[in-house]
Amino acid sequence: MSIFRKVAKLFGSGKGSGSKSPEVHPYGTPQAPGPLTLEAFLQEFKDCGDLITWHMPATSAHLVYFDHLVDIPTYEQEILLPLQHAGQEGLQELLRQSRFVQTTDTVKAVKGVLDGKVALFLPEGVYLVNVYNPEKRSIQQSESESAITGPHDAFIEMIETNLSLIRRKLKSNRLKVIQLNVGELTKTKVAVLYVDGIAKKEFVDNMVERIKAIEFNSLYDGTMLMQMIDDFPNSLFPQFQTSERPDVTISKLAEGKIVVLADQSPSAIVAPSSFFEFFTTPDDYYNRWAVGTALRLLRYIAFIITISLTSLYVAVTTYHYEMIPENLLASLTESRSRVPFPPIIEALIMETTIEMLREAGARLPTKIGQTIGIVGGIVIGTAAVEAGFTSNILIISVAMSAIASFVVPSYIMSGSIRLVRFGLIILAGMQGNFGFMVGVALIIIHLSKLTSLGAPYTIPAAPVKPVDWKDIFIRAPFWSFHERPSQAKSPNKTPNKMKK
Amino acid sequence: MSKEKLHRFQIAMLLFNTQCGVAIFILPRLTAIHLGTNGWLGVALAYLVVSLNIMLITLVYRMGRGASIFRILGDGLPRFLLVPLYLVLAMVLPMIGCIVIKEYVVIYQILMFPQTSEMVLKLFVDLVVFLMVTKGIYNMSKANLFFVAILLTMVPASLTLISNFDFVRLTPFIFKEGKDVVQGIFRMYAAFLGYELFIFLFPYAENNKKWLKYLHLGNALTGSVYLLVTVLCYGFFNYNELTDLAFPLLDMFGYLKFPFIERVQNFLYSAFLLSIVTTASMYYWSGQIVVAEIFPRLPGKGVVFILMAGSILVAMIPKTLPEVEKWFGVLLYFESGVAFGLPLLALLSLLIQKGRKSHA
């Protein structure tokens with residue numbers, strides 16, 4: 001048993017705890033199992049005040065549904081009106097339509113109504129009709145993944161709309177969708193998407209297996225699902241890329257990767273993913289290739305700055321003053337001389353402050369968020385230096401690493417990198433450059449161990465796949481893209497028309 | 001451990017980084033003391049000896065058709081002979097790994113942290129090495145690629161010093177004023193050690209014979225880096241200066257200047273940790289698989305832990321750099337014996353097997 005599990009057990013969050021009470025029955029099993037009758041069915045929904053039951057004496061029909069889950073005009077047009085006007089014969093004809101699915105299973109009927117179907121109870125039997133169309137927000141721009149050029153539509157919290165956004169752009173019958181459910185209570189719909197013939201079947205099977213194996217009460221978002229299926233749940237780094245953009249999603253599908261969508265979530269999971277993919281954005285492809293390449297390199301530089309700048313400041317000002325050039329030394333010692341703390345304390349205070357500012361800005365409404373920026377920037381920044389609390393150079397270094405951390409396009413990855421940075425600062429404070437390099441070695445060893453759906457995480461740098469470098473470290477011109485990336489292990493590596 | 005095979009390029013880089021060790025920092029001094037003027041030529045001689053030895057290792061691979069060294073030895077030689085050999089290897093290989101780390105941290109202590117105990121610094125490196133070894137050879141080779149990428153950025157940095165290079169300092173004399181040419185060549189050869197471990201790598205490498213050439217590629221890379229370093233030092237300092245400087249390479253890097261940073265030798269020496277980690281990891285890993293051959297049922301992580309704990313205890317004995325270097329010297333003699341002896345023994349075993357087959 002891993003140490004994490006032991007700790008988790010200590011806190012009572014071990015697997016299976018809390019579900020042993022005798023009153024609690026397994027979710028989804030009817031409370032009164034037996035033949036499907038209206039009474040038994042309504043008993044299942046006892047105390048559900050929002051359930052609508054409509055009785056039609058002429059045909060002795062009962063309609064049961066949730067009006068906030070169904071599309072009312074469709075419901076009236078397709079079910080209510082035909083039922084009202086149908087005679088006995090007309091009714092039989094109506095029920096023969098494929099939309100009316102007969103069932104005798106109580107569980108299925110209960111699930112159907114929860115899924116936005118109308119249950120039609122007739123003396124002839126029980127029928128379910130799908131008129132699901134709940135309230136949803138319109139398709140808008142993604143706030144966490146905005147792009148300047150290219151399409152602006154983004155996924156919303158409804159899997160059907162998201163699937164439609166994908167199908168609109170990827171018109172192929174080879175795009176397959178496997179529907180699953182996750183969460184004993186929430187029964188969230190999850191769809192595994194792949195392009196048949198391009199995606200590696202083993203990856204698809206592995207993904208489906210992992211999703212089926214999830215034993216969890218409730219699922220609220222794709223990012224949560226991502227953590228339940230990743231290869232190393234205790235790693236700091238996300239092992240699957242997530243995206244709210246349909247264009248990114250279909251580009252990944254075309255590369256031979258698998259996409260997982262969860263209902264009630266705008267985040268699609270891409271698997272397998274490599275560490276370097278987290279540094280790419282769709283804008284790279286919509287710009288001229290030279291600009292795209294420059295942007296990509298800029299992001300890698302930003303990554304290095306985020307990871308190392310503050311920790312190197314701490315290392316240098318604590319142990320290696322000789323590394324600072326003479327011209328810079330004067331201003332640095334002048335500003336450091338008034339600071340009463342050792343550099344590591346100074347750096348940790350400032351880094352924590354910046355993190356607090358970021359967190360406060362993220363949680364507050366936009367207008368107040370701006371105020372926080374001013375308060376943070378002017379009051380804390382300037383005043384801290386004037387009061388002799390920190391040195392100017394540290395403020396520059398901390399601010400630069402914070403800015404650089406936001407250059408990383410993936411918010412989840414950016415968070416991981418920022419946290420890793422703290423470890424490096426502490427190591428640098430303990431042993432200077434030596435500690436810093438120990439930290440770097442630890443990060444590299446950890447990253448090399450990681451896999452994403454069993455495929456190496458650090459590909460194409462390690463294992464070396466120079467063919468893929470043109471779409472990872474730079475963004476080469478499109479004419480040079482002949483092959484799908486190695487990580488997807490696609491059985492159809494070269495697109496058909498490019499085959500010689 | 002991963003079932004994936006090591007790519008030949010990964011093997012080449014692993015070889016390069018295993019060979020590269022602390023020796024690089026003292027190499028110019030050693031050549032100057034033992035070989036005298038233009039001692040850098042010794043690198044080429046040592047390189048040739050190592051290349052021959054690598055050829056011997058590749059011959060074992062070809063003749064043994066890719067079987068692991070333990071199988072080759074086990075099929076031809078009696079186990080009662082092999083087990084003591086394995087036991088000695090299981091003790092010496094981790095010890096070398098440990099002394100490599102020790103030497104690195106002792107120099108670090110001299111350079112930067114005279115008040116910190118070298119064992120504290122060593123424990124940091126040991127932790128990294130332990131984590132590296134327990135990830136298995138495949139992940140080790142992946143991490144090593146990043147290490148090499150970082151280390152090789154030093155090469156263009158060192159080229160900026162070329163403006164201070166002066167051919168006059170090289171002098172037209174070859175191997176004059178040297179103390180002991182044979183000893184000098186041996187010390188240079190010892191700087192290349194690390195390649196002998198790749199005889200244990202047979203079952204983990206890709207199945208074709210292409211990777212054997214990449215052993216030479218890795219070795220050539222080491223050779224060229226050593227050559228670059230020694231030639232640069234010989235042209236940067238004069239010969240007499242070289243014999244006096246403890247770490248000529250670091251002194252040379254001390255002249256490097258960048259707009260925001262200068263005197264980067266300490267930082268570069270810190271970055272060299274990435275090379276030490278690979279070198280030590282490879283020795284510990286080899287120790288681990290030798291132990292696994294004697295006691296196949298022991299858990300891998302436990303073996304690494306015991307090997308590390310044991311070697312750390314022994315490594316507490318030498319305290320100063322000369323002591324550590326003395327220990328290292330003895331171990332290197334042994335290791336060079338292994339480098340030639342093990343492939344020869346394997347060839348002998350293969351010949352015995354062949355003889356048995358022809359009799360049968």
# chains A, B, ... in the order shown; residues from 1 in each chain; ligands from 1

call {"tool": "residues_around", "arguments": {"residues": "A:Phe436", "least_positions_apart": "3", "cutoff": "8 Å", "atoms": "only C-alpha atoms", "output": "ChimeraX atom specification"}}
result
/A:311-312,315,424-425,427-428,431-433,439-440

call {"tool": "residues_around", "arguments": {"residues": "B:Ile185", "least_positions_apart": "6", "cutoff": "12 Å", "atoms": "only C-alpha atoms", "output": "count of residues only"}}
result
25

call {"tool": "closest_atom_pairs", "arguments": {"of": "chain A", "to": "chain B", "cutoff": "9 Å", "atoms": "only C-alpha atoms", "output": "Markdown table"}}
result
| residue | atom | partner | partner_atom | distance |
| --- | --- | --- | --- | --- |
| A:Tyr319 | CA | B:Met112 | CA | 8.1 |
| A:His320 | CA | B:Asn266 | CA | 8.2 |
| A:Glu322 | CA | B:Arg263 | CA | 6.7 |
| A:Met323 | CA | B:Glu262 | CA | 4.9 |
| A:Ile324 | CA | B:Ile261 | CA | 5.2 |
| A:Pro325 | CA | B:Ile261 | CA | 5.7 |
| A:Leu328 | CA | B:Phe260 | CA | 7.7 |
| A:Gln431 | CA | B:Leu121 | CA | 8.3 |
| A:Asn433 | CA | B:Phe267 | CA | 6.0 |
| A:Phe434 | CA | B:Ser270 | CA | 5.0 |
| A:Gly435 | CA | B:Phe124 | CA | 8.1 |
| A:Phe436 | CA | B:Ser270 | CA | 8.4 |
| A:Met437 | CA | B:Ala271 | CA | 6.0 |
| A:Val438 | CA | B:Val125 | CA | 7.0 |
| A:Gly439 | CA | B:Val128 | CA | 8.8 |
| A:Val440 | CA | B:Leu274 | CA | 8.8 |
| A:Ala441 | CA | B:Leu274 | CA | 6.6 |
| A:Leu442 | CA | B:Val128 | CA | 6.2 |
| A:Ile444 | CA | B:Ala143 | CA | 5.8 |
| A:Ile445 | CA | B:Ala143 | CA | 5.3 |
| A:His446 | CA | B:Ala143 | CA | 8.4 |
| A:Leu447 | CA | B:Ala143 | CA | 7.8 |
| A:Ser448 | CA | B:Ala143 | CA | 5.3 |
| A:Lys449 | CA | B:Asn139 | CA | 5.6 |
| A:Leu450 | CA | B:Asn139 | CA | 8.9 |
| A:Thr458 | CA | B:Lys142 | CA | 8.1 |
| A:Ala461 | CA | B:Leu145 | CA | 7.6 |
| A:Ala462 | CA | B:Lys142 | CA | 4.9 |
| A:Pro463 | CA | B:Lys142 | CA | 6.0 |
| A:Val464 | CA | B:Phe9 | CA | 7.6 |

call {"tool": "residues_around", "arguments": {"residues": "stretch 117-129 of chain A", "least_positions_apart": "4", "cutoff": "10 Å", "atoms": "only C-alpha atoms", "output": "PyMOL selection string"}}
result
chain A and resi 36-38+41+52-56+59-67+69-71+75+78-79+92+95+98-106+108-113+133

call {"tool": "write_last_selection", "arguments": {"atoms": "C-alpha atoms", "output": "mmCIF file, in the first residue's frame"}}
result
data_model
loop_
_atom_site.group_PDB
_atom_site.id
_atom_site.type_symbol
_atom_site.label_atom_id
_atom_site.label_comp_id
_atom_site.auth_asym_id
_atom_site.auth_seq_id
_atom_site.Cartn_x
_atom_site.Cartn_y
_atom_site.Cartn_z
ATOM 1 C CA LEU A 36 -43.148 -1.543 -14.191
ATOM 2 C CA THR A 37 -46.400 0.105 -13.220
ATOM 3 C CA LEU A 38 -47.279 3.773 -12.912
ATOM 4 C CA PHE A 41 -42.682 4.226 -11.071
ATOM 5 C CA ILE A 52 -44.667 16.482 -14.042
ATOM 6 C CA THR A 53 -47.418 13.868 -14.384
ATOM 7 C CA TRP A 54 -49.994 14.502 -17.074
ATOM 8 C CA HIS A 55 -53.120 12.393 -17.337
ATOM 9 C CA MET A 56 -55.112 12.118 -20.575
ATOM 10 C CA THR A 59 -56.558 7.541 -24.165
ATOM 11 C CA SER A 60 -56.047 6.723 -20.469
ATOM 12 C CA ALA A 61 -52.450 7.771 -20.985
ATOM 13 C CA HIS A 62 -50.107 9.141 -18.334
ATOM 14 C CA LEU A 63 -47.141 11.277 -19.324
ATOM 15 C CA VAL A 64 -44.333 11.593 -16.817
ATOM 16 C CA TYR A 65 -41.337 13.872 -17.338
ATOM 17 C CA PHE A 66 -39.238 16.737 -16.001
ATOM 18 C CA ASP A 67 -40.280 19.865 -17.901
ATOM 19 C CA LEU A 69 -35.115 18.654 -19.134
ATOM 20 C CA VAL A 70 -37.338 18.367 -22.192
ATOM 21 C CA ASP A 71 -37.830 20.639 -25.138
ATOM 22 C CA TYR A 75 -42.837 17.658 -26.635
ATOM 23 C CA GLU A 78 -44.473 15.368 -31.229
ATOM 24 C CA ILE A 79 -46.235 13.778 -28.275
ATOM 25 C CA GLN A 92 -51.360 2.254 -32.538
ATOM 26 C CA LEU A 95 -46.637 3.961 -31.142
ATOM 27 C CA SER A 98 -39.293 4.391 -33.786
ATOM 28 C CA ARG A 99 -39.208 7.376 -31.428
ATOM 29 C CA PHE A 100 -41.503 5.494 -29.065
ATOM 30 C CA VAL A 101 -39.321 2.893 -27.384
ATOM 31 C CA GLN A 102 -41.214 0.352 -25.349
ATOM 32 C CA THR A 103 -39.758 -0.806 -22.038
ATOM 33 C CA THR A 104 -40.738 -3.071 -19.182
ATOM 34 C CA ASP A 105 -37.718 -2.350 -17.069
ATOM 35 C CA THR A 106 -38.226 0.029 -14.143
ATOM 36 C CA LYS A 108 -34.443 1.827 -17.623
ATOM 37 C CA ALA A 109 -37.605 3.909 -17.318
ATOM 38 C CA VAL A 110 -36.280 5.804 -14.299
ATOM 39 C CA LYS A 111 -32.969 6.435 -16.040
ATOM 40 C CA GLY A 112 -34.806 7.498 -19.195
ATOM 41 C CA VAL A 113 -36.846 10.157 -17.417
ATOM 42 C CA ASN A 133 -33.118 19.645 -24.549
#

call {"tool": "select_by_dssp", "arguments": {"residues": "stretch 357-487 of chain A", "states": "strand (DSSP E or B)", "output": "mmCIF file with N, CA and C atoms, in the first residue's frame"}}
result
data_model
loop_
_atom_site.group_PDB
_atom_site.id
_atom_site.type_symbol
_atom_site.label_atom_id
_atom_site.label_comp_id
_atom_site.auth_asym_id
_atom_site.auth_seq_id
_atom_site.Cartn_x
_atom_site.Cartn_y
_atom_site.Cartn_z
ATOM 1 N N THR A 451 4.239 8.552 -17.957
ATOM 2 C CA THR A 451 3.681 8.101 -19.237
ATOM 3 C C THR A 451 2.270 8.656 -19.332
ATOM 4 N N SER A 452 1.806 8.766 -20.556
ATOM 5 C CA SER A 452 0.438 9.213 -20.764
ATOM 6 C C SER A 452 -0.270 8.107 -21.533
ATOM 7 N N ALA A 455 2.073 5.778 -23.082
ATOM 8 C CA ALA A 455 3.056 6.282 -24.054
ATOM 9 C C ALA A 455 3.978 7.272 -23.338
ATOM 10 N N PRO A 456 5.261 7.319 -23.745
ATOM 11 C CA PRO A 456 6.199 8.197 -23.040
ATOM 12 C C PRO A 456 5.743 9.658 -23.040
#

call {"tool": "residues_around", "arguments": {"residues": "stretch 478-487 of chain A", "least_positions_apart": "5", "cutoff": "12 Å", "atoms": "only C-alpha atoms", "output": "PyMOL selection string"}}
result
chain A and resi 198-200+203+251-258+271-277+284-290+292+451-472+492-500

call {"tool": "closest_atom_pairs", "arguments": {"of": "stretch 387-455 of chain A", "to": "stretch 142-145 of chain A", "cutoff": "10 Å", "atoms": "only C-alpha atoms", "output": "Markdown table"}}
result
| residue | atom | partner | partner_atom | distance |
| --- | --- | --- | --- | --- |
| A:Pro409 | CA | A:Glu145 | CA | 7.3 |
| A:Ser410 | CA | A:Glu145 | CA | 7.8 |
| A:Tyr411 | CA | A:Ser144 | CA | 7.3 |

call {"tool": "closest_residue", "arguments": {"among": "B:Leu170, B:Leu15, B:Met95, B:Val181", "to": "B:Asn240", "atoms": "only C-alpha atoms"}}
result
B:Leu170

call {"tool": "select_by_dssp", "arguments": {"residues": "stretch 77-222 of chain B", "states": "helix (DSSP H, G or I)", "output": "PyMOL selection string"}}
result
chain B and resi 79-111+118-134+136-152+154-164+167-170+181-191+195-204+210-222

call {"tool": "residues_around", "arguments": {"residues": "stretch 343-350 of chain A", "least_positions_apart": "4", "cutoff": "10 Å", "atoms": "only C-alpha atoms", "output": "ChimeraX atom specification"}}
result
/A:310-311,313-318,336,339,354-356,380-381,384,389-391,394-395,397-399,422,425-430

call {"tool": "decode", "arguments": {"residues": "stretch 37-65 of chain B", "atoms": "N, CA and C atoms", "output": "PDB file, in the first residue's frame"}}
result
ATOM      1  N   THR B  37      54.487  18.420 -22.224  1.00  0.00           N
ATOM      2  CA  THR B  37      54.005  19.344 -23.257  1.00  0.00           C
ATOM      3  C   THR B  37      53.161  18.585 -24.288  1.00  0.00           C
ATOM      4  N   ASN B  38      52.189  19.286 -24.796  1.00  0.00           N
ATOM      5  CA  ASN B  38      51.253  18.712 -25.764  1.00  0.00           C
ATOM      6  C   ASN B  38      50.660  17.378 -25.294  1.00  0.00           C
ATOM      7  N   GLY B  39      50.380  17.337 -24.022  1.00  0.00           N
ATOM      8  CA  GLY B  39      49.839  16.115 -23.438  1.00  0.00           C
ATOM      9  C   GLY B  39      48.463  15.750 -23.972  1.00  0.00           C
ATOM     10  N   TRP B  40      47.827  16.735 -24.575  1.00  0.00           N
ATOM     11  CA  TRP B  40      46.477  16.467 -25.093  1.00  0.00           C
ATOM     12  C   TRP B  40      46.490  15.350 -26.135  1.00  0.00           C
ATOM     13  N   LEU B  41      47.661  15.108 -26.740  1.00  0.00           N
ATOM     14  CA  LEU B  41      47.739  14.012 -27.708  1.00  0.00           C
ATOM     15  C   LEU B  41      47.428  12.667 -27.050  1.00  0.00           C
ATOM     16  N   GLY B  42      47.659  12.609 -25.748  1.00  0.00           N
ATOM     17  CA  GLY B  42      47.383  11.383 -25.001  1.00  0.00           C
ATOM     18  C   GLY B  42      45.922  10.974 -25.085  1.00  0.00           C
ATOM     19  N   VAL B  43      45.035  11.979 -25.208  1.00  0.00           N
ATOM     20  CA  VAL B  43      43.600  11.676 -25.301  1.00  0.00           C
ATOM     21  C   VAL B  43      43.344  10.760 -26.491  1.00  0.00           C
ATOM     22  N   ALA B  44      44.012  11.081 -27.600  1.00  0.00           N
ATOM     23  CA  ALA B  44      43.796  10.284 -28.802  1.00  0.00           C
ATOM     24  C   ALA B  44      44.254   8.849 -28.581  1.00  0.00           C
ATOM     25  N   LEU B  45      45.389   8.692 -27.887  1.00  0.00           N
ATOM     26  CA  LEU B  45      45.901   7.338 -27.623  1.00  0.00           C
ATOM     27  C   LEU B  45      44.921   6.552 -26.742  1.00  0.00           C
ATOM     28  N   ALA B  46      44.477   7.214 -25.665  1.00  0.00           N
ATOM     29  CA  ALA B  46      43.531   6.552 -24.756  1.00  0.00           C
ATOM     30  C   ALA B  46      42.255   6.201 -25.506  1.00  0.00           C
ATOM     31  N   TYR B  47      41.849   7.112 -26.380  1.00  0.00           N
ATOM     32  CA  TYR B  47      40.626   6.886 -27.157  1.00  0.00           C
ATOM     33  C   TYR B  47      40.752   5.612 -27.989  1.00  0.00           C
ATOM     34  N   LEU B  48      41.936   5.434 -28.586  1.00  0.00           N
ATOM     35  CA  LEU B  48      42.141   4.249 -29.414  1.00  0.00           C
ATOM     36  C   LEU B  48      42.052   2.969 -28.581  1.00  0.00           C
ATOM     37  N   VAL B  49      42.671   2.997 -27.395  1.00  0.00           N
ATOM     38  CA  VAL B  49      42.615   1.815 -26.521  1.00  0.00           C
ATOM     39  C   VAL B  49      41.164   1.483 -26.181  1.00  0.00           C
ATOM     40  N   VAL B  50      40.397   2.538 -25.830  1.00  0.00           N
ATOM     41  CA  VAL B  50      38.995   2.333 -25.454  1.00  0.00           C
ATOM     42  C   VAL B  50      38.209   1.796 -26.650  1.00  0.00           C
ATOM     43  N   SER B  51      38.500   2.320 -27.825  1.00  0.00           N
ATOM     44  CA  SER B  51      37.776   1.852 -29.017  1.00  0.00           C
ATOM     45  C   SER B  51      38.016   0.360 -29.222  1.00  0.00           C
ATOM     46  N   LEU B  52      39.252  -0.063 -29.030  1.00  0.00           N
ATOM     47  CA  LEU B  52      39.559  -1.490 -29.167  1.00  0.00           C
ATOM     48  C   LEU B  52      38.754  -2.311 -28.161  1.00  0.00           C
ATOM     49  N   ASN B  53      38.707  -1.781 -26.931  1.00  0.00           N
ATOM     50  CA  ASN B  53      37.968  -2.493 -25.888  1.00  0.00           C
ATOM     51  C   ASN B  53      36.477  -2.572 -26.228  1.00  0.00           C
ATOM     52  N   ILE B  54      35.942  -1.485 -26.782  1.00  0.00           N
ATOM     53  CA  ILE B  54      34.517  -1.498 -27.165  1.00  0.00           C
ATOM     54  C   ILE B  54      34.296  -2.522 -28.279  1.00  0.00           C
ATOM     55  N   MET B  55      35.272  -2.615 -29.176  1.00  0.00           N
ATOM     56  CA  MET B  55      35.151  -3.618 -30.237  1.00  0.00           C
ATOM     57  C   MET B  55      35.072  -5.018 -29.637  1.00  0.00           C
ATOM     58  N   LEU B  56      35.848  -5.216 -28.574  1.00  0.00           N
ATOM     59  CA  LEU B  56      35.827  -6.508 -27.891  1.00  0.00           C
ATOM     60  C   LEU B  56      34.418  -6.784 -27.339  1.00  0.00           C
ATOM     61  N   ILE B  57      33.822  -5.747 -26.763  1.00  0.00           N
ATOM     62  CA  ILE B  57      32.479  -5.898 -26.199  1.00  0.00           C
ATOM     63  C   ILE B  57      31.473  -6.202 -27.317  1.00  0.00           C
ATOM     64  N   THR B  58      31.624  -5.493 -28.442  1.00  0.00           N
ATOM     65  CA  THR B  58      30.681  -5.739 -29.543  1.00  0.00           C
ATOM     66  C   THR B  58      30.880  -7.150 -30.104  1.00  0.00           C
ATOM     67  N   LEU B  59      32.113  -7.624 -30.051  1.00  0.00           N
ATOM     68  CA  LEU B  59      32.371  -8.984 -30.529  1.00  0.00           C
ATOM     69  C   LEU B  59      31.612  -9.994 -29.667  1.00  0.00           C
ATOM     70  N   VAL B  60      31.586  -9.744 -28.368  1.00  0.00           N
ATOM     71  CA  VAL B  60      30.838 -10.627 -27.461  1.00  0.00           C
ATOM     72  C   VAL B  60      29.360 -10.617 -27.848  1.00  0.00           C
ATOM     73  N   TYR B  61      28.856  -9.425 -28.138  1.00  0.00           N
ATOM     74  CA  TYR B  61      27.429  -9.314 -28.504  1.00  0.00           C
ATOM     75  C   TYR B  61      27.143 -10.101 -29.777  1.00  0.00           C
ATOM     76  N   ARG B  62      28.025  -9.911 -30.774  1.00  0.00           N
ATOM     77  CA  ARG B  62      27.808 -10.594 -32.055  1.00  0.00           C
ATOM     78  C   ARG B  62      27.892 -12.104 -31.884  1.00  0.00           C
ATOM     79  N   MET B  63      28.916 -12.559 -31.179  1.00  0.00           N
ATOM     80  CA  MET B  63      29.092 -14.009 -31.038  1.00  0.00           C
ATOM     81  C   MET B  63      28.019 -14.623 -30.146  1.00  0.00           C
ATOM     82  N   GLY B  64      27.627 -13.867 -29.156  1.00  0.00           N
ATOM     83  CA  GLY B  64      26.594 -14.384 -28.245  1.00  0.00           C
ATOM     84  C   GLY B  64      25.188 -14.161 -28.767  1.00  0.00           C
ATOM     85  N   ARG B  65      25.062 -13.610 -29.952  1.00  0.00           N
ATOM     86  CA  ARG B  65      23.776 -13.331 -30.600  1.00  0.00           C
ATOM     87  C   ARG B  65      22.816 -12.565 -29.677  1.00  0.00           C
TER      88      ARG B  65
END
